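Asks: mmCIF, C-alpha atoms and all ligand atoms, file query_2.cif:
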```
data_input
loop_
_atom_site.label_atom_id
_atom_site.label_comp_id
_atom_site.auth_asym_id
_atom_site.auth_seq_id
_atom_site.Cartn_x
_atom_site.Cartn_y
_atom_site.Cartn_z
CA MET A 1 64.46 -73.53 8.87
CA ARG A 2 63.89 -71.81 5.54
CA LYS A 3 63.61 -68.05 5.64
CA GLN A 4 60.85 -66.26 3.74
CA LEU A 5 62.37 -65.43 0.37
CA LYS A 6 60.65 -63.61 -2.43
CA SER A 7 57.17 -62.93 -3.66
CA LEU A 8 55.98 -65.38 -6.28
CA ILE A 9 53.14 -63.97 -8.36
CA PHE A 10 51.16 -66.02 -10.88
CA ASN A 11 50.03 -63.89 -13.77
CA ARG A 12 46.54 -65.30 -14.37
CA ASN A 13 44.56 -64.91 -17.59
CA PRO A 14 41.69 -66.84 -19.22
CA GLY A 15 44.20 -69.13 -20.95
CA ASN A 16 45.91 -70.40 -17.80
CA ARG A 17 43.24 -70.22 -15.09
CA PHE A 18 42.78 -74.01 -15.12
CA SER A 19 46.55 -74.63 -14.73
CA ILE A 20 47.38 -72.28 -11.87
CA PRO A 21 45.41 -74.18 -9.17
CA VAL A 22 47.33 -77.34 -10.18
CA LEU A 23 50.67 -75.53 -9.78
CA LEU A 24 49.60 -74.09 -6.42
CA SER A 25 48.63 -77.55 -5.22
CA SER A 26 52.03 -78.97 -6.22
CA ILE A 27 53.78 -76.14 -4.35
CA GLU A 28 51.66 -76.67 -1.25
CA LYS A 29 52.29 -80.43 -1.30
CA ARG A 30 56.01 -79.71 -0.88
CA GLY A 31 55.45 -77.07 1.82
CA LEU A 32 57.00 -74.38 -0.37
CA GLU A 33 54.31 -71.81 0.42
CA LYS A 34 56.26 -71.29 3.68
CA SER A 35 59.32 -70.16 1.74
CA PHE A 36 57.64 -67.80 -0.72
CA SER A 37 54.95 -65.21 -0.41
CA ILE A 38 52.58 -66.45 -3.10
CA ARG A 39 49.65 -64.77 -4.80
CA VAL A 40 47.61 -65.05 -7.99
CA ALA A 41 46.92 -61.82 -9.86
CA ASP A 42 44.63 -60.90 -12.75
CA ASP A 43 45.60 -58.01 -15.03
CA LEU A 44 49.00 -57.80 -13.41
CA CYS A 45 51.00 -54.68 -14.20
CA PRO A 46 54.68 -54.04 -13.42
CA ASP A 47 53.89 -51.23 -10.96
CA SER A 48 51.99 -53.60 -8.67
CA VAL A 49 54.89 -56.06 -8.49
CA PRO A 50 57.24 -55.69 -5.50
CA ASP A 51 61.00 -55.46 -6.03
CA GLU A 52 62.73 -58.81 -6.43
CA ALA A 53 59.47 -60.65 -7.05
CA ILE A 54 59.25 -63.69 -9.32
CA VAL A 55 56.47 -63.37 -11.88
CA ALA A 56 55.24 -66.69 -13.32
CA PHE A 57 53.77 -66.91 -16.83
CA SER A 58 52.06 -70.03 -18.15
CA PHE A 59 50.82 -69.68 -21.70
CA GLN A 60 49.83 -71.24 -25.00
CA THR A 61 51.12 -70.31 -28.46
CA VAL A 62 47.89 -68.37 -29.12
CA HIS A 63 48.99 -65.92 -26.42
CA LEU A 64 52.54 -65.51 -27.76
CA PRO A 65 52.07 -61.99 -29.22
CA GLU A 66 50.54 -60.65 -25.95
CA VAL A 67 53.09 -62.38 -23.74
CA ARG A 68 55.92 -60.94 -25.80
CA ALA A 69 54.51 -57.44 -25.25
CA ASP A 70 53.98 -58.16 -21.51
CA VAL A 71 57.54 -59.38 -21.04
CA ARG A 72 58.86 -56.16 -22.59
CA ARG A 73 56.81 -54.12 -20.10
CA PHE A 74 57.89 -56.20 -17.09
CA ARG A 75 61.53 -56.17 -18.15
CA LYS A 76 61.61 -52.40 -17.63
CA LYS A 77 61.23 -52.98 -13.91
CA ALA A 78 64.62 -53.73 -12.37
CA GLY A 79 65.11 -56.59 -9.94
CA ILE A 80 62.19 -58.84 -10.82
CA ARG A 81 62.58 -62.32 -12.30
CA LEU A 82 60.30 -63.71 -15.00
CA ILE A 83 59.68 -67.44 -15.36
CA ALA A 84 57.66 -69.29 -18.02
CA GLY A 85 56.04 -72.68 -18.46
CA GLY A 86 52.98 -74.19 -20.12
CA PRO A 87 52.31 -75.59 -23.59
CA HIS A 88 54.20 -72.93 -25.58
CA ALA A 89 57.35 -73.09 -23.45
CA THR A 90 57.22 -76.89 -23.51
CA GLY A 91 57.05 -76.93 -27.31
CA ASP A 92 59.74 -74.30 -27.86
CA PRO A 93 61.79 -73.54 -24.72
CA GLU A 94 64.68 -71.87 -26.57
CA ASN A 95 62.51 -69.28 -28.31
CA THR A 96 60.54 -68.72 -25.10
CA LEU A 97 63.78 -67.86 -23.34
CA LYS A 98 64.54 -65.35 -26.09
CA LEU A 99 61.33 -63.49 -25.24
CA GLY A 100 63.20 -62.25 -22.16
CA PHE A 101 62.47 -64.82 -19.44
CA ASP A 102 65.03 -65.69 -16.75
CA ALA A 103 63.98 -69.33 -16.53
CA VAL A 104 61.86 -71.54 -18.78
CA PHE A 105 60.28 -74.87 -17.89
CA GLN A 106 59.76 -77.60 -20.45
CA GLY A 107 57.38 -80.31 -19.30
CA ASP A 108 54.72 -80.86 -16.68
CA GLY A 109 54.66 -77.86 -14.37
CA GLU A 110 53.54 -79.75 -11.27
CA ILE A 111 56.93 -81.52 -11.20
CA ILE A 112 59.30 -78.95 -12.54
CA LEU A 113 58.11 -75.79 -10.77
CA PRO A 114 58.26 -77.15 -7.19
CA ASP A 115 61.67 -78.71 -7.97
CA PHE A 116 62.90 -75.32 -9.12
CA LEU A 117 61.44 -73.46 -6.14
CA GLU A 118 62.84 -75.99 -3.69
CA THR A 119 66.34 -75.54 -5.07
CA LEU A 120 65.93 -71.78 -4.98
CA ALA A 121 64.63 -71.81 -1.41
CA GLY A 122 67.48 -74.06 -0.34
CA SER A 123 70.30 -72.10 -1.97
CA GLY A 124 68.82 -68.59 -1.92
CA LYS A 125 70.64 -68.02 -5.22
CA TRP A 126 69.18 -67.62 -8.68
CA PRO A 127 70.46 -70.54 -10.80
CA GLU A 128 72.71 -70.06 -13.80
CA LYS A 129 70.82 -72.67 -15.77
CA GLN A 130 67.95 -71.18 -17.76
CA ILE A 131 66.00 -74.08 -19.27
CA PHE A 132 64.67 -76.78 -16.95
CA ARG A 133 63.25 -80.02 -18.33
CA ALA A 134 61.15 -82.74 -16.69
CA ASP A 135 60.02 -86.18 -17.81
CA PRO A 136 56.26 -86.44 -18.39
CA LEU A 137 54.15 -87.13 -15.33
CA ASP A 138 53.21 -90.81 -15.36
CA ASP A 139 50.64 -90.68 -12.58
CA LEU A 140 47.83 -88.10 -12.52
CA GLU A 141 47.24 -88.73 -8.81
CA GLN A 142 50.24 -86.47 -8.18
CA SER A 143 48.33 -83.62 -9.77
CA LEU A 144 45.27 -82.08 -8.10
CA PRO A 145 43.62 -78.77 -9.00
CA PHE A 146 43.00 -77.26 -5.56
CA SER A 147 44.99 -75.77 -2.72
CA GLY A 148 44.50 -73.64 0.34
CA MET A 149 45.95 -70.67 -1.56
CA ASP A 150 43.18 -70.15 -4.09
CA PRO A 151 39.39 -70.45 -3.74
CA PHE A 152 38.97 -71.29 -7.44
CA ILE A 153 38.73 -74.98 -8.39
CA PRO A 154 38.71 -75.76 -12.13
CA PRO A 155 37.37 -78.96 -13.74
CA ILE A 156 39.59 -81.93 -12.96
CA GLU A 157 41.86 -83.46 -15.60
CA ILE A 158 41.05 -87.16 -15.93
CA MET A 159 43.35 -88.03 -18.84
CA ARG A 160 46.63 -86.54 -20.09
CA GLY A 161 47.95 -87.48 -23.54
CA CYS A 162 45.81 -89.38 -26.00
CA GLY A 163 48.01 -91.76 -27.97
CA GLN A 164 47.13 -90.12 -31.32
CA ALA A 165 49.50 -88.10 -33.47
CA CYS A 166 47.47 -85.30 -35.10
CA ARG A 167 50.06 -83.05 -36.69
CA PHE A 168 48.49 -79.76 -35.52
CA CYS A 169 48.04 -80.69 -31.84
CA GLN A 170 50.37 -80.20 -28.88
CA THR A 171 49.03 -83.32 -27.16
CA ARG A 172 50.26 -85.54 -30.02
CA GLY A 173 52.49 -88.48 -29.31
CA ARG A 174 52.12 -88.42 -25.56
CA LYS A 175 51.33 -91.77 -23.97
CA PRO A 176 48.01 -91.34 -22.16
CA VAL A 177 47.70 -91.54 -18.38
CA TYR A 178 44.32 -91.78 -16.65
CA ARG A 179 43.18 -90.52 -13.26
CA PRO A 180 41.96 -93.39 -11.10
CA MET A 181 38.59 -93.12 -9.38
CA ASP A 182 40.11 -92.76 -5.90
CA SER A 183 41.83 -89.59 -7.01
CA VAL A 184 38.58 -88.27 -8.58
CA ARG A 185 36.88 -88.99 -5.21
CA LEU A 186 39.35 -86.72 -3.41
CA TYR A 187 38.41 -83.95 -5.81
CA LEU A 188 34.67 -84.58 -5.44
CA LYS A 189 34.99 -84.41 -1.66
CA GLU A 190 36.82 -81.12 -1.90
CA ILE A 191 34.24 -79.48 -4.16
CA ARG A 192 31.51 -80.68 -1.81
CA ARG A 193 33.43 -79.31 1.18
CA ARG A 194 33.64 -75.94 -0.58
CA ASN A 195 30.00 -76.15 -1.65
CA MET A 196 30.84 -75.90 -5.37
CA LEU A 197 28.25 -78.35 -6.60
CA LEU A 198 26.44 -76.33 -9.22
CA ARG A 199 28.30 -77.40 -12.36
CA LEU A 200 30.97 -79.98 -13.07
CA GLY A 201 32.90 -80.98 -16.19
CA PHE A 202 36.13 -82.87 -16.78
CA ILE A 203 39.30 -82.08 -18.73
CA CYS A 204 40.02 -84.89 -21.15
CA PRO A 205 41.51 -84.85 -24.68
CA ASP A 206 39.03 -87.58 -25.68
CA GLY A 207 36.04 -87.96 -23.37
CA PHE A 208 35.17 -91.32 -24.91
CA GLY A 209 38.73 -92.57 -24.51
CA TYR A 210 38.85 -92.42 -20.69
CA LYS A 211 39.88 -95.67 -19.00
CA GLN A 212 40.15 -97.19 -15.57
CA GLU A 213 41.93 -100.38 -14.71
CA GLY A 214 39.87 -103.51 -15.41
CA LEU A 215 36.92 -101.61 -16.92
CA GLU A 216 35.62 -101.05 -20.43
CA THR A 217 35.49 -97.37 -21.42
CA ALA A 218 31.69 -97.17 -21.05
CA GLU A 219 31.96 -98.70 -17.55
CA ALA A 220 34.78 -96.33 -16.58
CA VAL A 221 32.82 -93.28 -17.78
CA GLU A 222 29.67 -94.54 -16.05
CA MET A 223 31.49 -94.96 -12.73
CA LEU A 224 32.94 -91.45 -13.05
CA LEU A 225 29.59 -89.84 -13.85
CA ALA A 226 27.51 -91.90 -11.40
CA GLU A 227 29.78 -91.02 -8.46
CA SER A 228 29.90 -87.37 -9.48
CA ARG A 229 26.13 -87.25 -9.72
CA SER A 230 25.75 -88.90 -6.33
CA MET A 231 27.69 -85.97 -4.81
CA GLY A 232 24.75 -83.74 -5.65
CA ILE A 233 26.16 -81.96 -8.73
CA ARG A 234 23.32 -80.04 -10.35
CA PHE A 235 24.68 -79.70 -13.90
CA LEU A 236 27.04 -82.50 -14.79
CA GLU A 237 28.58 -82.28 -18.27
CA TYR A 238 30.52 -84.72 -20.40
CA GLY A 239 31.41 -85.02 -24.08
CA ILE A 240 31.47 -81.24 -24.57
CA PHE A 241 34.30 -78.78 -23.79
CA PRO A 242 36.63 -79.61 -22.05
CA SER A 243 35.98 -83.31 -22.73
CA GLU A 244 35.15 -83.38 -26.46
CA VAL A 245 35.28 -86.77 -28.18
CA ARG A 246 36.97 -88.41 -31.14
CA PRO A 247 34.45 -89.51 -33.80
CA ASN A 248 35.66 -93.10 -34.00
CA HIS A 249 35.10 -93.56 -30.25
CA VAL A 250 31.41 -92.58 -30.27
CA THR A 251 29.22 -95.58 -29.38
CA PRO A 252 25.53 -95.97 -28.45
CA GLN A 253 26.63 -97.28 -24.99
CA LEU A 254 28.70 -94.21 -24.18
CA LEU A 255 25.98 -91.87 -25.41
CA ALA A 256 23.42 -93.69 -23.24
CA VAL A 257 25.67 -93.20 -20.18
CA VAL A 258 25.99 -89.46 -20.85
CA ARG A 259 22.25 -89.22 -21.45
CA GLU A 260 21.51 -90.88 -18.12
CA TYR A 261 23.81 -88.83 -15.87
CA CYS A 262 24.52 -85.52 -17.61
CA SER A 263 22.59 -82.35 -18.33
CA ASN A 264 24.26 -81.43 -21.63
CA ARG A 265 22.17 -82.21 -24.71
CA LYS A 266 25.03 -81.56 -27.14
CA ILE A 267 28.07 -83.71 -27.86
CA THR A 268 31.17 -82.10 -29.38
CA VAL A 269 33.19 -84.14 -31.85
CA GLY A 270 36.64 -83.28 -33.20
CA ALA A 271 35.93 -83.70 -36.92
CA GLN A 272 38.72 -81.33 -38.11
CA SER A 273 38.19 -81.71 -41.87
CA GLY A 274 35.68 -82.94 -44.42
CA SER A 275 38.45 -83.79 -46.89
CA GLU A 276 39.77 -87.36 -46.77
CA ARG A 277 43.08 -86.10 -48.14
CA VAL A 278 43.48 -83.56 -45.30
CA LEU A 279 42.39 -86.06 -42.65
CA ARG A 280 45.15 -88.37 -43.86
CA GLN A 281 47.69 -85.57 -44.15
CA VAL A 282 47.15 -84.36 -40.58
CA CYS A 283 47.26 -88.00 -39.31
CA ARG A 284 43.83 -88.00 -37.70
CA GLY A 285 43.57 -91.78 -37.70
CA HIS A 286 39.94 -91.73 -38.92
CA GLY A 287 38.10 -90.86 -42.10
CA ARG A 288 35.01 -88.87 -43.03
CA GLU A 289 32.82 -91.93 -42.64
CA SER A 290 33.59 -92.07 -38.88
CA ILE A 291 32.49 -88.45 -38.49
CA GLU A 292 29.22 -89.05 -40.31
CA LYS A 293 28.55 -92.22 -38.31
CA ALA A 294 29.25 -90.36 -35.04
CA ALA A 295 26.88 -87.52 -36.04
CA GLY A 296 24.14 -90.08 -36.80
CA LEU A 297 24.59 -91.93 -33.50
CA ILE A 298 24.63 -88.68 -31.53
CA ARG A 299 21.42 -87.54 -33.16
CA GLU A 300 19.73 -90.93 -32.63
CA ALA A 301 20.65 -90.81 -28.94
CA GLY A 302 18.80 -87.48 -28.59
CA PHE A 303 21.77 -85.09 -28.63
CA LYS A 304 22.72 -82.32 -31.02
CA PRO A 305 26.05 -83.02 -32.72
CA GLN A 306 28.54 -80.14 -32.55
CA LEU A 307 31.37 -80.71 -35.00
CA ASP A 308 34.71 -78.93 -34.68
CA PHE A 309 36.46 -78.21 -37.98
CA ILE A 310 39.74 -76.47 -38.77
CA ILE A 311 40.31 -74.71 -42.07
CA GLY A 312 43.57 -73.29 -43.42
CA PHE A 313 45.88 -76.25 -42.68
CA PRO A 314 49.26 -75.90 -44.43
CA GLY A 315 48.99 -77.70 -47.74
CA GLU A 316 45.16 -77.62 -47.74
CA THR A 317 43.89 -76.76 -51.23
CA GLU A 318 40.82 -74.84 -52.30
CA ASP A 319 39.27 -78.16 -53.41
CA ASP A 320 39.90 -79.64 -49.92
CA ARG A 321 38.15 -76.68 -48.34
CA LEU A 322 35.19 -76.88 -50.69
CA GLU A 323 34.82 -80.56 -49.77
CA THR A 324 34.91 -79.60 -46.09
CA LEU A 325 32.26 -76.92 -46.57
CA GLU A 326 30.04 -79.31 -48.50
CA PHE A 327 30.51 -81.91 -45.77
CA MET A 328 29.57 -79.37 -43.08
CA ARG A 329 26.40 -78.51 -45.00
CA ARG A 330 25.48 -82.19 -45.25
CA MET A 331 26.12 -82.77 -41.53
CA GLY A 332 23.92 -79.77 -40.74
CA THR A 333 21.01 -80.67 -42.98
CA ARG A 334 21.06 -84.44 -42.47
CA TYR A 335 21.91 -84.70 -38.76
CA GLY A 336 21.09 -81.23 -37.40
CA ALA A 337 24.77 -80.69 -36.65
CA TRP A 338 26.19 -77.33 -35.60
CA ASN A 339 29.58 -76.80 -37.22
CA GLN A 340 32.21 -74.90 -35.21
CA VAL A 341 34.75 -73.56 -37.67
CA HIS A 342 38.24 -72.78 -36.38
CA TYR A 343 41.25 -71.49 -38.28
CA PHE A 344 44.55 -73.33 -38.26
CA LEU A 345 47.02 -72.15 -35.57
CA PRO A 346 50.73 -73.05 -35.85
CA LEU A 347 51.34 -74.33 -32.30
CA SER A 348 54.78 -74.89 -30.79
CA GLY A 349 56.04 -78.45 -30.52
CA THR A 350 53.98 -79.63 -33.51
CA PRO A 351 55.26 -80.40 -37.02
CA TYR A 352 53.27 -77.36 -38.21
CA TYR A 353 54.86 -74.92 -35.75
CA GLY A 354 55.47 -71.55 -37.37
CA MET A 355 54.04 -72.68 -40.72
CA LYS A 356 51.81 -70.27 -42.61
CA PRO A 357 48.15 -71.24 -42.91
CA SER A 358 46.87 -71.76 -46.44
CA ALA A 359 45.06 -68.74 -47.84
CA ILE A 360 41.29 -68.70 -48.16
CA SER A 361 39.77 -67.31 -51.36
CA ALA A 362 37.06 -64.65 -51.40
CA SER A 363 34.58 -67.13 -52.85
CA THR A 364 35.20 -69.61 -49.99
CA VAL A 365 34.71 -66.79 -47.50
CA ARG A 366 31.33 -66.07 -49.12
CA LYS A 367 30.41 -69.75 -48.86
CA LEU A 368 31.40 -69.83 -45.18
CA ASP A 369 29.30 -66.73 -44.57
CA ARG A 370 26.33 -68.41 -46.30
CA LEU A 371 26.70 -71.49 -44.04
CA ALA A 372 26.70 -69.17 -41.02
CA SER A 373 23.62 -67.26 -42.22
CA ALA A 374 21.82 -70.58 -42.80
CA GLY A 375 22.39 -71.37 -39.09
CA LEU A 376 24.69 -74.30 -39.87
CA ALA A 377 28.06 -72.94 -38.72
CA ASN A 378 29.72 -70.24 -36.65
CA ASP A 379 32.40 -67.81 -37.76
CA TRP A 380 35.05 -68.38 -35.11
CA TRP A 381 37.55 -68.90 -37.94
CA LYS A 382 37.59 -65.12 -38.55
CA LYS A 383 39.20 -64.41 -35.17
CA GLY A 384 41.48 -67.42 -35.66
CA LEU A 385 42.69 -66.04 -38.96
CA VAL A 386 43.82 -62.79 -37.31
CA LEU A 387 45.45 -64.70 -34.46
CA SER A 388 47.21 -67.14 -36.75
CA ARG A 389 48.72 -64.26 -38.76
CA LYS A 390 49.85 -62.55 -35.55
CA ILE A 391 51.60 -65.71 -34.33
CA VAL A 392 53.43 -66.20 -37.62
CA GLU A 393 54.41 -62.50 -37.74
CA THR A 394 55.67 -62.61 -34.14
CA LEU A 395 57.80 -65.69 -34.83
CA GLU A 396 59.17 -64.16 -38.04
CA GLU A 397 59.99 -60.92 -36.25
CA MET A 398 61.76 -62.82 -33.49
CA GLU A 399 63.81 -64.69 -36.06
CA ARG A 400 64.77 -61.44 -37.82
CA ASN A 401 65.84 -59.85 -34.54
CA GLU A 402 68.12 -62.72 -33.57
S1 LIG B 1 43.69 -83.52 -31.73
FE1 LIG B 1 42.74 -84.80 -30.12
S2 LIG B 1 43.09 -86.89 -30.85
FE2 LIG B 1 44.53 -85.62 -31.98
S3 LIG B 1 46.46 -85.65 -30.81
FE3 LIG B 1 45.25 -83.89 -30.13
S4 LIG B 1 44.09 -84.54 -28.36
FE4 LIG B 1 44.79 -86.37 -29.45
#
```
The structure in this file should be written as structure tokens.

Replies:
Amino acid sequence: MRKQLKSLIFNRNPGNRFSIPVLLSSIEKRGLEKSFSIRVADDLCPDSVPDEAIVAFSFQTVHLPEVRADVRRFRKKAGIRLIAGGPHATGDPENTLKLGFDAVFQGDGEIILPDFLETLAGSGKWPEKQIFRADPLDDLEQSLPFSGMDPFIPPIEIMRGCGQACRFCQTRGRKPVYRPMDSVRLYLKEIRRRNMLLRLGFICPDGFGYKQEGLETAEAVEMLLAESRSMGIRFLEYGIFPSEVRPNHVTPQLLAVVREYCSNRKITVGAQSGSERVLRQVCRGHGRESIEKAAGLIREAGFKPQLDFIIGFPGETEDDRLETLEFMRRMGTRYGAWNQVHYFLPLSGTPYYGMKPSAISASTVRKLDRLASAGLANDWWKKGLVLSRKIVETLEEMERNE
């Protein structure tokens, strides 16, 4: 029989709250909660961590500067072990290790973390190896976002990977896997059992790319939404965060399905740029025409189009940006679109990792501000600009300190 070993504490923050329930479920499935005293903590500080505890971080590149500062604080406490996984660690395990972690996981956490804990529980010894890698999960049924250890249940992931190769995105190049309906049913039963029927969305890199065996996409999405609705969900959402759609996959059939079953009256499309040159350069696999067609279809179907754009891509010129701004204006005035403007972030594991964003001139800033005051766009890019600089500075500082 295994003896109770150490405390395992998940350091929860807004960036990883959807992932932790999945990790807890994978631990519970292997019975490892009997070998570790496990808890999830918000705003964790070193003083509240018992001696010899393992503190688990799961984070994205956008959180790199904060995590680096956190690791420094935790490292001052003797005896504890720090482990890291998630998108940033997967994209750059070596540099993640250099932040001061004792073990780093590259790959899908629901395989690699229980494997690691099982070995640790069996041997009772901390391994010498520091970077652990796993092959990608090829079956989403193995991954469920609920456990008896946490009352929180996030939206369920119905598709992982997307088959596209956008150069700025960490999902790029991963062969997609889809959650079958039987697995979604397990989830629906659990949220009904816990009486969490108020609002439901789905995690999907391309909401209009979801598939199920033997069904067309519109049929697969309809089955998913019809069964969810029949559970008594009050606000069912699809085609907005976290299941935004690719422009070239928008069809009248899919929009009609969303209209019938869902409460959202907006559809979010990943447009990314209004410059044909940039769309080609970042390997989007669609042109401006697809975005405009999608906006028109969305409007015709009675939804408001919300278009996500990124400015500041490496290699983007001032002319490219002006084209994008002009395109956003046209989408707003012609189709009533709301443009959500993000700033380029150099994410780990992508060809643009660590690259500096292109600079934005004062006159473009004024034009962006005018679009915002006209009610056609938001100014999220301003926060992104600060964050992007911080990420690049952190990576540069780490390189200097090597
Ligand atoms: S941006 Fe969207 S379409 Fe492109 S690789 Fe990422 S998830 Fe796929």

Asks: Hey, which of A:Ser25, A:Lys189, A:Gly85, A:Gly207 ends up closest to Glu141 in chain A? Count all atoms listed in the file.

Replies: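 Smallest separation from Glu141 in chain A among the options: A:Ser25.
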
Asks: For the point (57.8, -76.6, -13.5) in the file's frame, write as a VMD selection string all residues with an atom no more than 12 Å away, counting only C-alpha atoms.

Replies: chain A and resid 19 to 20 22 to 24 26 to 27 56 to 58 83 to 87 89 to 90 103 to 118 131 to 137

Asks: For ligand LIG 1 (chain B), which of A:Lys356, A:Arg370, A:Arg259, A:Lys175 is the closest residue, counting all atoms listed in the file?

Replies: A:Lys175

Asks: Kindly compile the residues surrounding ligand LIG 1 (chain B) within 8 Å, counting only C-alpha atoms and all ligand atoms, and format them as a PyMOL selection string.

Replies: chain A and resi 161-173+205-206+245-246+270+284

Asks: What does the distance from CA of Tyr238 in chain A to CA of Gly201 in chain A come to in Å, to one decimal?

Replies: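 Straight-line distance from CA of Tyr238 in chain A to CA of Gly201 in chain A works out to 6.1 Å.
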